[in-house]
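*Asks:* Coordinates in query_8.txt, compact mmCIF, C-alpha atoms and all ligand atoms, are listed below.
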# COMPACT_ATOMS: atom_id res chain seq x y z
CA MET A 1 -21.50 -44.51 -52.22
CA ILE A 2 -20.36 -45.19 -55.74
CA THR A 3 -22.52 -47.46 -57.87
CA GLY A 4 -20.56 -49.38 -60.48
CA SER A 5 -21.95 -51.25 -63.47
CA GLY A 6 -22.75 -54.39 -61.47
CA SER A 7 -23.93 -55.39 -58.05
CA PRO A 8 -22.96 -55.39 -55.20
CA PRO A 9 -22.57 -51.66 -54.50
CA VAL A 10 -19.00 -50.52 -54.95
CA THR A 11 -16.83 -49.59 -52.00
CA TYR A 12 -14.14 -47.66 -53.82
CA LEU A 13 -10.86 -47.60 -51.93
CA ASP A 14 -8.48 -47.02 -54.82
CA HIS A 15 -8.26 -43.23 -54.99
CA ALA A 16 -4.49 -43.23 -55.49
CA SER A 17 -5.10 -45.08 -58.73
CA THR A 18 -7.73 -42.64 -59.87
CA SER A 19 -10.48 -40.65 -58.21
CA PRO A 20 -14.02 -39.98 -59.42
CA VAL A 21 -14.47 -36.67 -61.23
CA ARG A 22 -16.03 -34.12 -58.89
CA PRO A 23 -19.41 -32.88 -60.18
CA GLU A 24 -18.29 -29.24 -60.07
CA VAL A 25 -15.21 -30.13 -62.15
CA ALA A 26 -17.35 -31.90 -64.77
CA GLU A 27 -19.63 -28.86 -64.82
CA ALA A 28 -16.72 -26.48 -65.37
CA MET A 29 -15.41 -28.63 -68.23
CA ALA A 30 -18.70 -29.30 -70.01
CA PRO A 31 -18.87 -26.16 -72.19
CA PHE A 32 -15.42 -26.91 -73.61
CA ALA A 33 -16.45 -30.41 -74.62
CA GLY A 34 -19.39 -28.78 -76.42
CA ALA A 35 -20.23 -25.32 -77.68
CA ARG A 36 -16.94 -23.63 -76.67
CA PHE A 37 -14.78 -25.88 -78.85
CA GLY A 38 -12.36 -23.35 -80.32
CA ASN A 39 -8.68 -23.98 -80.92
CA ALA A 40 -6.91 -21.84 -78.32
CA SER A 41 -4.12 -21.03 -80.79
CA GLY A 42 -6.33 -19.35 -83.38
CA ALA A 43 -7.27 -15.71 -83.90
CA HIS A 44 -11.06 -15.55 -84.34
CA ARG A 45 -13.68 -15.20 -81.63
CA MET A 46 -14.11 -18.91 -80.98
CA ALA A 47 -10.35 -19.28 -80.64
CA ARG A 48 -10.11 -16.24 -78.40
CA ASP A 49 -12.83 -17.62 -76.17
CA ALA A 50 -10.92 -20.90 -75.77
CA ARG A 51 -7.69 -19.00 -75.20
CA ARG A 52 -9.24 -16.95 -72.42
CA ALA A 53 -10.45 -20.09 -70.69
CA LEU A 54 -7.03 -21.71 -71.09
CA GLU A 55 -5.23 -18.70 -69.65
CA ASP A 56 -7.70 -18.45 -66.75
CA ALA A 57 -7.01 -22.12 -66.05
CA ARG A 58 -3.28 -21.47 -66.24
CA GLU A 59 -3.58 -18.71 -63.63
CA THR A 60 -5.51 -20.94 -61.28
CA VAL A 61 -3.05 -23.82 -61.69
CA ALA A 62 -0.12 -21.45 -61.16
CA GLU A 63 -1.63 -20.04 -57.99
CA ALA A 64 -2.34 -23.50 -56.59
CA LEU A 65 1.24 -24.59 -57.21
CA GLY A 66 2.99 -21.39 -56.15
CA ALA A 67 4.16 -20.61 -59.68
CA GLU A 68 3.83 -17.86 -62.25
CA PRO A 69 1.33 -18.53 -65.06
CA ALA A 70 4.17 -18.50 -67.62
CA GLU A 71 5.82 -21.33 -65.69
CA VAL A 72 2.89 -23.73 -66.21
CA VAL A 73 3.14 -26.18 -69.12
CA PHE A 74 -0.07 -28.12 -69.74
CA THR A 75 0.48 -31.79 -70.59
CA SER A 76 -1.55 -34.93 -71.21
CA GLY A 77 -1.08 -36.00 -67.59
CA GLY A 78 1.51 -36.94 -65.04
CA THR A 79 3.39 -39.41 -67.22
CA GLU A 80 4.03 -36.86 -69.94
CA ALA A 81 5.00 -34.18 -67.43
CA ASP A 82 7.49 -36.54 -65.77
CA ASN A 83 8.97 -37.54 -69.14
CA LEU A 84 9.25 -33.89 -70.12
CA ALA A 85 11.04 -33.08 -66.87
CA VAL A 86 13.56 -35.91 -67.24
CA PHE A 87 14.29 -35.71 -70.95
CA GLY A 88 13.83 -31.96 -71.03
CA VAL A 89 16.37 -31.18 -68.32
CA LEU A 90 18.89 -33.79 -69.47
CA GLY A 91 18.47 -32.70 -73.08
CA ALA A 92 19.09 -29.08 -72.13
CA ALA A 93 22.24 -30.14 -70.24
CA VAL A 94 23.49 -31.86 -73.40
CA GLU A 95 22.69 -28.76 -75.43
CA ARG A 96 24.81 -26.77 -73.00
CA GLY A 97 27.71 -29.07 -73.86
CA ASP A 98 27.50 -31.68 -71.12
CA ARG A 99 28.06 -34.89 -73.07
CA SER A 100 27.12 -37.25 -70.26
CA PRO A 101 24.92 -35.63 -67.65
CA THR A 102 24.07 -37.44 -64.44
CA ALA A 103 20.54 -37.93 -63.16
CA VAL A 104 19.77 -38.78 -59.55
CA CYS A 105 16.39 -40.10 -58.49
CA SER A 106 14.95 -41.98 -55.57
CA ALA A 107 14.53 -45.73 -56.02
CA VAL A 108 10.81 -45.41 -55.26
CA GLU A 109 9.84 -42.98 -58.02
CA HIS A 110 6.83 -43.76 -60.17
CA PRO A 111 7.77 -45.59 -63.39
CA ALA A 112 6.99 -42.35 -65.26
CA VAL A 113 10.23 -41.00 -63.75
CA LEU A 114 12.25 -44.19 -63.31
CA GLN A 115 11.76 -45.50 -66.83
CA PRO A 116 12.78 -42.31 -68.66
CA CYS A 117 15.89 -42.15 -66.43
CA ARG A 118 16.71 -45.78 -67.15
CA ALA A 119 16.00 -45.34 -70.85
CA ALA A 120 18.33 -42.35 -70.93
CA ALA A 121 20.99 -44.46 -69.20
CA LYS A 122 20.69 -47.05 -71.95
CA GLY A 123 21.12 -44.41 -74.61
CA TRP A 124 17.59 -45.02 -75.91
CA ALA A 125 16.88 -41.35 -75.65
CA ALA A 126 19.51 -40.38 -78.18
CA VAL A 127 16.67 -39.26 -80.40
CA ALA A 128 15.64 -36.77 -77.73
CA GLY A 129 19.15 -35.37 -77.68
CA VAL A 130 20.36 -37.23 -74.61
CA PRO A 131 23.30 -39.47 -75.59
CA VAL A 132 24.23 -41.46 -72.49
CA VAL A 133 23.21 -40.53 -69.00
CA ALA A 134 24.57 -41.83 -65.73
CA VAL A 135 21.70 -42.57 -63.38
CA ARG A 136 22.09 -42.93 -59.64
CA GLU A 137 19.12 -44.35 -57.76
CA VAL A 138 19.03 -43.40 -54.10
CA GLY A 139 17.60 -45.80 -51.53
CA VAL A 140 14.95 -45.22 -48.87
CA ASP A 141 14.45 -46.18 -45.23
CA ALA A 142 11.96 -48.74 -43.94
CA ASP A 143 9.20 -46.07 -44.07
CA CYS A 144 10.03 -45.26 -47.70
CA ALA A 145 11.59 -41.86 -46.96
CA VAL A 146 14.60 -41.07 -49.10
CA ASP A 147 17.93 -41.76 -47.39
CA LEU A 148 19.50 -38.29 -47.13
CA HIS A 149 23.00 -39.65 -46.50
CA ALA A 150 22.79 -41.80 -49.62
CA LEU A 151 21.49 -38.75 -51.47
CA GLU A 152 24.46 -36.70 -50.34
CA ALA A 153 26.80 -39.44 -51.54
CA ALA A 154 25.10 -39.38 -54.98
CA LEU A 155 25.40 -35.62 -55.44
CA ASP A 156 28.31 -33.88 -57.12
CA PRO A 157 28.71 -31.09 -59.66
CA SER A 158 28.17 -33.52 -62.60
CA VAL A 159 24.51 -33.92 -61.61
CA ALA A 160 22.06 -32.19 -63.95
CA LEU A 161 18.78 -33.49 -62.58
CA VAL A 162 17.51 -34.69 -59.22
CA SER A 163 14.02 -36.16 -59.12
CA VAL A 164 12.38 -36.99 -55.79
CA MET A 165 8.63 -37.33 -55.54
CA LEU A 166 6.60 -35.33 -53.03
CA ALA A 167 4.61 -38.34 -51.86
CA ASN A 168 4.85 -41.98 -52.84
CA ASN A 169 1.91 -43.44 -54.74
CA GLU A 170 2.10 -46.93 -53.25
CA VAL A 171 2.65 -46.46 -49.53
CA GLY A 172 1.89 -42.73 -49.31
CA THR A 173 5.12 -41.59 -47.61
CA VAL A 174 5.70 -37.84 -47.84
CA GLN A 175 9.30 -37.17 -48.79
CA PRO A 176 11.53 -34.60 -47.02
CA LEU A 177 11.68 -32.46 -50.15
CA ALA A 178 13.00 -29.27 -48.53
CA GLU A 179 15.91 -31.24 -47.13
CA VAL A 180 16.53 -32.80 -50.52
CA VAL A 181 16.58 -29.36 -52.14
CA ALA A 182 18.97 -27.95 -49.53
CA ARG A 183 21.43 -30.77 -50.20
CA VAL A 184 21.19 -30.40 -53.95
CA ARG A 185 21.87 -26.66 -53.77
CA ARG A 186 24.95 -27.30 -51.64
CA LEU A 187 26.45 -30.33 -53.39
CA ALA A 188 25.17 -30.15 -56.96
CA PRO A 189 24.61 -26.43 -57.54
CA GLY A 190 23.97 -26.78 -61.27
CA ALA A 191 21.25 -29.42 -60.91
CA ALA A 192 17.54 -28.85 -61.45
CA VAL A 193 15.25 -30.43 -58.85
CA HIS A 194 12.09 -32.10 -60.12
CA THR A 195 9.32 -33.35 -57.86
CA ASP A 196 6.47 -35.58 -58.94
CA ALA A 197 3.65 -34.17 -56.84
CA VAL A 198 0.91 -36.22 -58.51
CA GLN A 199 -0.39 -37.80 -55.29
CA ALA A 200 -0.10 -34.70 -53.14
CA PRO A 201 -2.44 -31.78 -53.94
CA ALA A 202 -5.57 -33.17 -52.30
CA TYR A 203 -3.75 -33.19 -48.96
CA LEU A 204 -0.60 -31.06 -49.14
CA ASP A 205 -0.14 -27.42 -50.06
CA VAL A 206 2.15 -28.06 -53.02
CA ALA A 207 3.01 -24.36 -53.29
CA GLU A 208 4.62 -24.60 -49.89
CA ALA A 209 5.85 -28.20 -49.87
CA ALA A 210 7.51 -27.94 -53.30
CA ALA A 211 8.55 -24.31 -53.02
CA GLY A 212 12.23 -25.13 -53.58
CA ALA A 213 11.72 -27.37 -56.61
CA ASP A 214 12.51 -26.19 -60.14
CA LEU A 215 9.99 -28.51 -61.79
CA ILE A 216 6.71 -29.89 -60.40
CA THR A 217 4.45 -32.54 -61.94
CA VAL A 218 0.72 -32.71 -61.25
CA SER A 219 -2.10 -34.80 -62.73
CA ALA A 220 -5.81 -33.99 -62.60
CA HIS A 221 -7.31 -37.45 -62.20
CA LYS A 222 -5.82 -38.08 -58.77
CA LEU A 223 -7.84 -35.24 -57.23
CA GLY A 224 -11.27 -35.32 -58.79
CA GLY A 225 -10.28 -34.07 -62.24
CA PRO A 226 -10.25 -35.73 -65.66
CA LYS A 227 -7.79 -38.35 -66.87
CA GLY A 228 -5.32 -37.24 -69.51
CA SER A 229 -4.72 -33.76 -68.10
CA GLY A 230 -1.73 -32.57 -66.11
CA ALA A 231 0.94 -29.95 -65.94
CA LEU A 232 4.61 -29.44 -65.41
CA VAL A 233 5.73 -26.31 -63.61
CA VAL A 234 9.04 -25.18 -65.09
CA ARG A 235 10.44 -22.35 -63.05
CA GLU A 236 11.76 -19.34 -64.88
CA GLY A 237 15.43 -19.88 -65.67
CA THR A 238 15.23 -23.70 -65.74
CA ALA A 239 16.58 -24.89 -69.07
CA LEU A 240 14.26 -27.38 -70.76
CA ARG A 241 14.51 -28.98 -74.16
CA PRO A 242 11.08 -29.88 -75.58
CA VAL A 243 10.17 -33.52 -76.12
CA LEU A 244 7.15 -32.93 -78.37
CA HIS A 245 8.09 -30.76 -81.31
CA GLY A 246 5.53 -29.12 -83.58
CA GLY A 247 3.67 -25.85 -83.57
CA GLY A 248 5.59 -24.42 -80.62
CA HIS A 249 2.68 -24.32 -78.16
CA GLU A 250 3.26 -23.66 -74.49
CA ARG A 251 6.09 -21.22 -75.21
CA GLU A 252 7.96 -23.79 -77.32
CA ARG A 253 8.01 -26.25 -74.42
CA ARG A 254 5.21 -28.64 -75.46
CA SER A 255 3.67 -28.64 -78.90
CA GLY A 256 0.17 -29.90 -79.56
CA THR A 257 -3.30 -28.36 -79.80
CA HIS A 258 -4.48 -27.54 -76.32
CA ASP A 259 -6.95 -29.71 -74.45
CA VAL A 260 -8.88 -26.74 -73.10
CA ALA A 261 -11.48 -28.87 -71.30
CA GLY A 262 -8.67 -30.83 -69.65
CA ALA A 263 -6.85 -27.69 -68.53
CA VAL A 264 -10.10 -26.23 -67.16
CA GLY A 265 -10.71 -29.53 -65.35
CA LEU A 266 -7.23 -29.54 -63.83
CA ALA A 267 -7.66 -25.96 -62.66
CA ALA A 268 -11.09 -26.65 -61.15
CA ALA A 269 -9.81 -29.76 -59.37
CA LEU A 270 -6.77 -27.96 -57.93
CA ASP A 271 -8.88 -25.01 -56.88
CA ARG A 272 -11.37 -27.27 -55.16
CA ALA A 273 -8.54 -29.20 -53.48
CA ALA A 274 -7.06 -25.97 -52.13
CA ARG A 275 -10.39 -24.92 -50.65
CA THR A 276 -11.12 -28.26 -49.00
CA ARG A 277 -7.61 -29.48 -48.17
CA ASP A 278 -7.51 -28.97 -44.42
CA ALA A 279 -10.97 -30.29 -43.69
CA GLU A 280 -10.56 -33.17 -46.13
CA SER A 281 -7.19 -34.14 -44.71
CA ALA A 282 -8.65 -34.41 -41.23
CA ARG A 283 -11.80 -36.19 -42.41
CA VAL A 284 -9.96 -38.69 -44.60
CA ALA A 285 -7.22 -39.34 -42.01
CA ALA A 286 -9.88 -40.18 -39.43
CA LEU A 287 -11.52 -42.63 -41.83
CA ARG A 288 -8.14 -44.13 -42.73
CA ASP A 289 -7.33 -44.60 -39.04
CA ARG A 290 -10.68 -46.25 -38.51
CA LEU A 291 -9.95 -48.65 -41.36
CA ALA A 292 -6.37 -49.40 -40.36
CA ASP A 293 -7.09 -49.75 -36.65
CA GLY A 294 -10.18 -51.82 -37.37
CA LEU A 295 -8.25 -54.30 -39.50
CA LEU A 296 -5.29 -54.41 -37.12
CA GLY A 297 -7.72 -55.16 -34.30
CA ALA A 298 -9.73 -57.75 -36.18
CA LEU A 299 -6.88 -59.85 -37.54
CA ASP A 300 -3.57 -61.24 -36.39
CA GLY A 301 -0.60 -61.06 -38.71
CA VAL A 302 -1.37 -57.64 -40.17
CA VAL A 303 1.42 -55.10 -40.54
CA GLU A 304 1.25 -51.47 -41.62
CA SER A 305 3.88 -50.99 -44.31
CA VAL A 306 4.84 -47.49 -43.14
CA ASP A 307 4.30 -45.29 -40.11
CA ARG A 308 1.06 -43.63 -41.10
CA ARG A 309 2.11 -40.34 -39.51
CA ARG A 310 4.65 -40.05 -42.33
CA ALA A 311 2.10 -40.85 -45.05
CA LEU A 312 -0.67 -39.04 -46.89
CA PRO A 313 -3.99 -39.16 -45.01
CA GLY A 314 -5.70 -41.35 -47.59
CA HIS A 315 -3.17 -44.18 -47.68
CA CYS A 316 -3.63 -47.42 -45.77
CA HIS A 317 -1.04 -49.94 -46.94
CA LEU A 318 -1.18 -53.25 -45.11
CA ARG A 319 0.48 -56.64 -45.37
CA PHE A 320 -1.59 -59.71 -44.48
CA ALA A 321 0.75 -62.55 -43.51
CA GLY A 322 0.04 -65.79 -45.31
CA VAL A 323 -2.13 -64.19 -48.00
CA GLU A 324 -1.42 -63.71 -51.70
CA GLN A 325 -2.47 -60.19 -52.66
CA GLU A 326 -3.92 -61.25 -55.99
CA GLU A 327 -6.27 -63.76 -54.36
CA LEU A 328 -7.32 -61.29 -51.70
CA LEU A 329 -8.02 -58.58 -54.26
CA VAL A 330 -10.25 -60.96 -56.23
CA LEU A 331 -12.26 -61.88 -53.14
CA LEU A 332 -12.58 -58.21 -52.20
CA ASP A 333 -13.67 -57.32 -55.70
CA ASP A 334 -16.30 -60.10 -55.59
CA ALA A 335 -17.62 -58.43 -52.44
CA GLY A 336 -17.60 -54.99 -54.08
CA VAL A 337 -14.47 -53.62 -52.39
CA CYS A 338 -12.03 -52.06 -54.87
CA ALA A 339 -8.44 -51.91 -53.64
CA SER A 340 -5.12 -52.52 -55.31
CA ALA A 341 -1.60 -53.76 -54.78
CA ALA A 342 1.65 -52.64 -56.32
CA ALA A 343 1.35 -50.45 -59.35
CA ALA A 344 -0.75 -52.27 -61.91
CA CYS A 345 0.81 -52.17 -65.35
CA ALA A 346 -1.24 -51.33 -68.43
CA SER A 347 -2.53 -54.91 -68.72
CA GLY A 348 -3.83 -54.74 -65.13
CA ALA A 349 -1.39 -57.49 -64.06
CA LEU A 350 0.42 -57.02 -60.78
CA GLU A 351 4.13 -56.43 -60.94
CA PRO A 352 6.49 -56.97 -58.00
CA SER A 353 6.66 -53.71 -56.08
CA HIS A 354 9.97 -51.91 -56.55
CA VAL A 355 8.87 -49.63 -53.73
CA LEU A 356 8.49 -52.37 -51.13
CA GLY A 357 11.71 -53.93 -52.42
CA ALA A 358 13.57 -50.65 -51.87
CA MET A 359 12.10 -50.49 -48.34
CA GLY A 360 13.68 -53.86 -47.57
CA VAL A 361 10.47 -55.89 -47.68
CA GLY A 362 11.13 -59.42 -48.93
CA PRO A 363 9.32 -60.73 -52.04
CA ALA A 364 6.93 -63.07 -50.20
CA ASP A 365 5.99 -60.35 -47.73
CA ALA A 366 5.56 -57.87 -50.57
CA ARG A 367 3.12 -60.22 -52.29
CA SER A 368 0.88 -60.05 -49.21
CA ALA A 369 0.43 -56.26 -49.48
CA VAL A 370 -2.78 -54.46 -50.30
CA ARG A 371 -3.19 -50.73 -50.75
CA PHE A 372 -6.46 -49.15 -49.65
CA THR A 373 -6.62 -45.49 -50.60
CA LEU A 374 -9.43 -43.24 -49.45
CA GLY A 375 -10.47 -39.99 -51.03
CA HIS A 376 -13.08 -37.32 -51.52
CA THR A 377 -16.01 -39.70 -52.00
CA THR A 378 -15.09 -42.04 -49.15
CA THR A 379 -17.67 -42.33 -46.37
CA ALA A 380 -17.74 -43.95 -42.95
CA ASP A 381 -20.25 -46.46 -44.34
CA GLU A 382 -17.74 -47.53 -46.97
CA VAL A 383 -15.04 -47.99 -44.35
CA ASP A 384 -17.43 -50.04 -42.25
CA ARG A 385 -18.29 -52.13 -45.24
CA ALA A 386 -14.62 -52.80 -45.89
CA LEU A 387 -14.22 -53.68 -42.20
CA ALA A 388 -17.07 -56.15 -42.57
CA VAL A 389 -15.60 -57.76 -45.69
CA VAL A 390 -11.80 -57.81 -45.40
CA PRO A 391 -11.31 -59.94 -42.25
CA GLY A 392 -13.51 -62.75 -43.63
CA ALA A 393 -11.73 -62.68 -46.99
CA VAL A 394 -8.32 -62.84 -45.30
CA ALA A 395 -9.47 -65.72 -43.06
CA ARG A 396 -10.67 -67.67 -46.10
CA LEU A 397 -7.27 -67.43 -47.70
CA ARG A 398 -5.25 -68.42 -44.69
CA PRO A 399 -4.40 -72.10 -44.21
N1 LIG A 401 3.35 -40.11 -60.82
C1 LIG A 401 2.69 -40.66 -59.79
C2 LIG A 401 3.26 -40.55 -58.40
C3 LIG A 401 1.49 -41.34 -60.00
O1 LIG A 401 0.85 -41.88 -58.98
C4 LIG A 401 0.98 -41.42 -61.33
C5 LIG A 401 -0.25 -42.17 -61.61
O2 LIG A 401 -0.39 -43.30 -61.19
C6 LIG A 401 1.70 -40.81 -62.37
C7 LIG A 401 2.88 -40.16 -62.08
C8 LIG A 401 1.23 -40.84 -63.77
O3 LIG A 401 0.20 -39.89 -63.95
P1 LIG A 401 -0.85 -40.05 -65.14
O4 LIG A 401 -1.73 -41.22 -64.78
O5 LIG A 401 -1.58 -38.75 -65.16
O6 LIG A 401 -0.08 -40.29 -66.38
Show the structure stored in the file as structure tokens.
Ligand code: PLP

*Replies:*
Amino acid sequence: MITGSGSPPVTYLDHASTSPVRPEVAEAMAPFAGARFGNASGAHRMARDARRALEDARETVAEALGAEPAEVVFTSGGTEADNLAVFGVLGAAVERGDRSPTAVCSAVEHPAVLQPCRAAAKGWAAVAGVPVVAVREVGVDADCAVDLHALEAALDPSVALVSVMLANNEVGTVQPLAEVVARVRRLAPGAAVHTDAVQAPAYLDVAEAAAGADLITVSAHKLGGPKGSGALVVREGTALRPVLHGGGHERERRSGTHDVAGAVGLAAALDRAARTRDAESARVAALRDRLADGLLGALDGVVESVDRRRALPGHCHLRFAGVEQEELLVLLDDAGVCASAAAACASGALEPSHVLGAMGVGPADARSAVRFTLGHTTTADEVDRALAVVPGAVARLRP
């Protein structure tokens, strides 16, 4: 059980938002936040020590993601990696002489993909070398899986980038990435395929699931690593224009002094995830089923947003008819249960869910949705505590 700063004890069911740092990850990082502080780009012994740790981390990350070490670009997290993929690929297309490249993405991408695409479409990215981009957003089915027919219709040889996430952060749906890649290779042979795999590595073997992708985003803090550390895999031969210019770090793909502790943390978290993935997937899925079935049995008017067999094991996304999500989340928080709704923006306010909208869920229904996400610290006791709290809170809010 997690103990927060106040009472009651915290039942933390918001792992898709962020997960607690695993003790072994913190331990691996500690020396680099202290005595081993060298700048990995330097030449003296302190620098060489940091460089060694960075390159060891790179090897581990590469192995976990099915990449070569030289294909790993360390970033400040998932958002930066997604931005680098979008602007980097489109910018490279422009450099090759394509004056108006087309980007295709699913309508349920994280804002870290959607917003760069939309910004590029508005010409805001001119500074990054992308004049005007045509963006095609592809819809999803009622379970949030990308519509492959609509994808086919969006693909043609003008497409430079296709971005489809490996698993959705809100409802947890795992996307048919191999099928996406096959269609892109056939219909848009010049396009690079990017997948945002941020939610996946705790439960999916990304090396296998994203084997066909040209670019892969990961972020450490979703799997027991530190916030502010991530990576973009850029497969050999994929043209990428840098977004951050400076000292030419990361083989000219991302300038900036390395966060060695962050890279070590990402590597340790991915390594740990790989070792525990199968057992954790089964353990967490069983707990998720207990939570979902318990709530479905205890209350009328509860709907699962997606078929859980198509979702990550830790996701339990439910809609409680007649309830406003914001009010329910406050009552749950008062009782020590941390859950969330649609993606919270930086202010913490709830925004209407573009994901549920794309799935065909009406606005009122979407406002009744709550996302419980379980993870590596979740216990049966926590699930039972949520089962003891949620039905009463929902009943209080219903007329
Ligand atoms: N992509 C997805 C699918 C996410 O869930 C998140 C985090 O919420 C991000 C990207 C952004 O990652 P970061 O928080 O490391 O910037």

*Asks:* When distances are computed from all atoms listed in the file, which of A:Ala50, A:Val218, A:Val89, A:Leu356 shows the smallest separation from ligand LIG 401 (chain A)?

*Replies:*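 Of A:Ala50, A:Val218, A:Val89, A:Leu356, the one nearest ligand LIG 401 (chain A), counting all atoms listed in the file, is A:Val218.
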
*Asks:* I'd like the contact shell of region 212-217 of chain A - 6 Å cut-off, all atoms listed in the file, skipping same-chain residues fewer than 4 positions apart - returned as number ranges by chain.

*Replies:* A: 81, 192-197, 231-235

*Asks:* Find the residues near ligand LIG 401 (chain A). Use a cut-off of 7 Å, count all atoms listed in the file, and write them as a list in words.

*Replies:* Ala16, Ser17, Gly77, Gly78, Thr79, Glu80, Asp82, His110, Ala112, Met165, Asn168, Asn169, Asp196, Ala197, Val198, Gln199, Ser219, Ala220, His221, Lys227, Gly228, Ser229 and Gly230 of chain A

*Asks:* Of the candidates A:Ala386, A:Arg241, A:Leu65, A:Ala369, which one gets nearest to Arg96 (chain A) if we count only C-alpha atoms?

*Replies:* A:Arg241

*Asks:* I'd like to know which of A:Leu223, A:Ala388, A:Phe320, A:Gly265 is closest to Gly294 (chain A), using all atoms listed in the file.

*Replies:* A:Ala388

*Asks:* Check which residues of region 63-102 of chain A sit at most 9 Å from region 254-258 of chain A using only C-alpha atoms, and return one row each with the closest pair of atoms and their distance in Å to one decimal, ordered by chain and rising number, as JSON lines.

*Replies:*
{"residue": "A:Val73", "atom": "CA", "partner": "A:Arg254", "partner_atom": "CA", "distance": 7.1}
{"residue": "A:Phe74", "atom": "CA", "partner": "A:Arg254", "partner_atom": "CA", "distance": 7.8}
{"residue": "A:Thr75", "atom": "CA", "partner": "A:Arg254", "partner_atom": "CA", "distance": 7.5}
{"residue": "A:Leu84", "atom": "CA", "partner": "A:Arg254", "partner_atom": "CA", "distance": 8.5}

*Asks:* Using the file's own x, y and z axes, so that the box edges lie along x, y and z, what centre and edge lengths in Å (one decimal) does a box around every listed atom of region 297-310 of chain A get when 3 Å is added on each side? Give it as lines of an AutoDock Vina configuration file.

*Replies:*
center_x = -2.4
center_y = -50.6
center_z = -39.3
size_x = 20.6
size_y = 27.2
size_z = 16.0

*Asks:* Report, in Å to a single decimal, how far apart CA of Val284 (chain A) and CA of Thr379 (chain A) are.

*Replies:* 8.7 Å

*Asks:* Which is closest to Leu329 (chain A) among A:Val390, A:Ala121, A:Val132, A:Ala268, if we use all atoms listed in the file?

*Replies:* A:Val390

*Asks:* Report the distance between CA of Ala30 (chain A) and CA of Leu266 (chain A) in Å, rounded to one decimal place.

*Replies:* 13.0 Å
